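J.: One structure coming up, written as structure tokens, with questions to follow.
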Amino acid sequence: MAISFRQIFPEPKEVPLEAVPDSFASLGDRVAGRPYTVANFVSSLDGRATIGGRSAPLSGPSDRALFHTLRESVDAVIAGTNTLRVERYGRMIKDPAARERRAQRGLAPEPLAVVVSRTGQVPYEIPLFSEPEARIVEFTGADAPRPVAAQRELIRLRPEEVSLRGAMERLRTVHGVRTLLCEGGPTLFGALVAENLVDELYLTTTPLLVGGESNPAILAGPPLAEPAGLELSSVLERDGSLFLRFAFRS
Ligand SMILES: NC(=O)c1ccc[n+]([C@@H]2O[C@H](COP(=O)([O-])OP(=O)(O)OC[C@H]3O[C@@H](n4cnc5c(N)ncnc54)[C@H](OP(=O)(O)O)[C@@H]3O)[C@@H](O)[C@H]2O)c1
């Protein structure tokens with residue numbers, strides 16, 4: 001069934017799912033030296049990013065559809081090592097029709113998976129690493145990372161040399177990554193925002209109240225030196241959830 005959203009802002013109209021991540025092809029031109037980076041999160045009305053350690057209970061069918069459509073639109077996807085572990089990441093695009101649609105738009109059939117770890121505590125047991133068709137770039141501070149069946153390029157550095165900015169620059173200049181989707185979690189997102197490496201935020205708010213100190217907000221880590229300012233680009237609605245899109249003010 002074709003999914004569409006009710007746009008509330010800027011102007012009221014129906015927006016088909018495929019049109020939500022508009023202009024992605026040209027977004028890479030907006031920044032130089034690193035990928036144009038879009039973060040995607042779901043949260044409850046009280047700002048929680050998990051229920052009992054998982055994001056899935058916050059995410060309904062429309063949010064999941066948008067999650068996959070964003071993946072379908074980008075050159076690469078980054079997720080923190082805890083998110084990879086908890087959400088048990090596998091192949092980036094499982095649907096052959098979606099891989100075909102990407103190829104028709106001049107993209108690789110699947111986005112590159114980006115892993116950054118200073119400690120080397122990477123969950124190699126998740127399906128992503130045993131998938132021969134998965135393409136991974138792993139920046140690691142570990143001496144001897146485990147062999148994997150996936151197509152993986154290892155960038156080995158001293159732990160103190162592993163940096164998100166360095167990884168971003170290399171992704172753009174060496175791997176040609178023009179658009180990058182950050183799928184969280186809160187710790188990685190906090191570090192990316194602190195380094196001014198994020199350009200847009202897609203935030204789904206689900207009409208649930210969750211509570212619980214153990215359920216984090218979408219951004220974790222030390223307080224930002226300055227609160228990051230964002231500008232509202234659009235508001236969509238479906239099934240009582242709001243789908244907000246913001247641009248970071250530079
Ligand atoms: N609601 C949502 O939309 C959503 C989305 C994603 C995840 N989640 C939830 O969030 C939770 C996981 O998030 P998390 O915050 O615990 O962990 P995370 O952000 O997924 O991963 C954190 C890890 O990223 C690595 N990293 C690499 N470079 C870093 C840097 N410069 N600064 C900080 N970290 C860096 C670190 O590994 P090293 O220490 O090895 O460097 C760190 O331990 C899960 O419960 C998941 O379900 C929710």
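Going through the structure tokens in order, the chains are called A, B, and so on, while each chain numbers its residues from 1 and the ligands are numbered from 1 in the order shown.
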Please identify all polymer residues within 12 Å of A:Arg30, counting only C-alpha atoms, omitting same-chain residues fewer than 5 positions from it, and present them as a PyMOL selection string.
T.: chain A and resi 23-25+35-37+178-179+199-200+250
J.: Using only C-alpha atoms and all ligand atoms, which residues have at least one atom no more than 7 Å from ligand 1? Output them as a PyMOL selection string.
T.: chain A and resi 40-43+49-50+53-55+79-84+86-87+116-122+163-164+183-189+191+218+220
J.: Residues of stretch 8-43 of chain A that approach stretch 221-244 of chain A to 6 Å or less, counting only C-alpha atoms: could you list each one with the shortest pair of atoms and its distance in Å to one decimal, rows by chain and increasing residue number, as a tab-separated table?
T.:
```
residue	atom	partner	partner_atom	distance
A:Ile8	CA	A:Val235	CA	5.5
A:Phe9	CA	A:Val235	CA	5.0
A:Pro10	CA	A:Ser234	CA	5.8
```
J.: Which one is closest to A:Val162: A:Leu181, A:Ala108, A:Ala98, A:Ala142? Count only C-alpha atoms.
T.: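 Checking each candidate against A:Val162, we get A:Ala142 as the closest.
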J.: Can you work out the spacing between atom CA of A:Pro111 and atom CA of A:Val74 in Å, to one decimal?
T.: 6.4 Å
J.: Could you please write out, as a VMD selection string, every residue of stretch 18-94 of chain A that DSSP assigns to helix (DSSP H, G or I)?
T.: chain A and resid 18 to 19 24 to 30 56 to 58 61 to 73 81 to 86
J.: For A:Val177, find every residue with an atom within 7 Å (counting only C-alpha atoms), except residues of its own chain fewer than 6 positions away, and show them as a PyMOL selection string.
T.: chain A and resi 35+75-76+171
J.: Can you tell me how far atom CA of A:Glu161 sits from atom CA of A:Ala217, in Å to one decimal?
T.: 28.1 Å
J.: Measuring atom to atom with only C-alpha atoms, identify which of A:Leu201, A:Ala39, A:Ile78, A:Ala247 is nearest to A:Ala167.
T.: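 Nearest to A:Ala167: A:Ile78.
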J.: A:Phe139, A:Cys182, A:His68, A:Pro109: which is nearest A:Arg170, counting only C-alpha atoms?
T.: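 Among the listed residues, A:Phe139 lies closest to A:Arg170.
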J.: Can you tell me which residues surround A:Gln151 at a distance of at most 9 Å, considering only C-alpha atoms, apart from same-chain residues fewer than 3 positions away, and format the answer as a ChimeraX atom specification?
T.: /A:129,131-137,148
J.: Which of these, A:Asp46, A:Glu14, A:Glu138, A:Glu169, has the shortest distance to A:Pro216 once you count only C-alpha atoms?
T.: A:Asp46
J.: Pick out the closest residue to A:Met1 from this set: A:Phe248, A:Thr204, A:Val77, A:Pro61. Count only C-alpha atoms.
T.: A:Pro61
J.: Which of these residues is nearest to A:Pro21, using only C-alpha atoms: A:Val38, A:Leu197, A:Ile93, A:Leu208?
T.: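 Between A:Val38, A:Leu197, A:Ile93, A:Leu208, the residue approaching A:Pro21 most closely is A:Val38.
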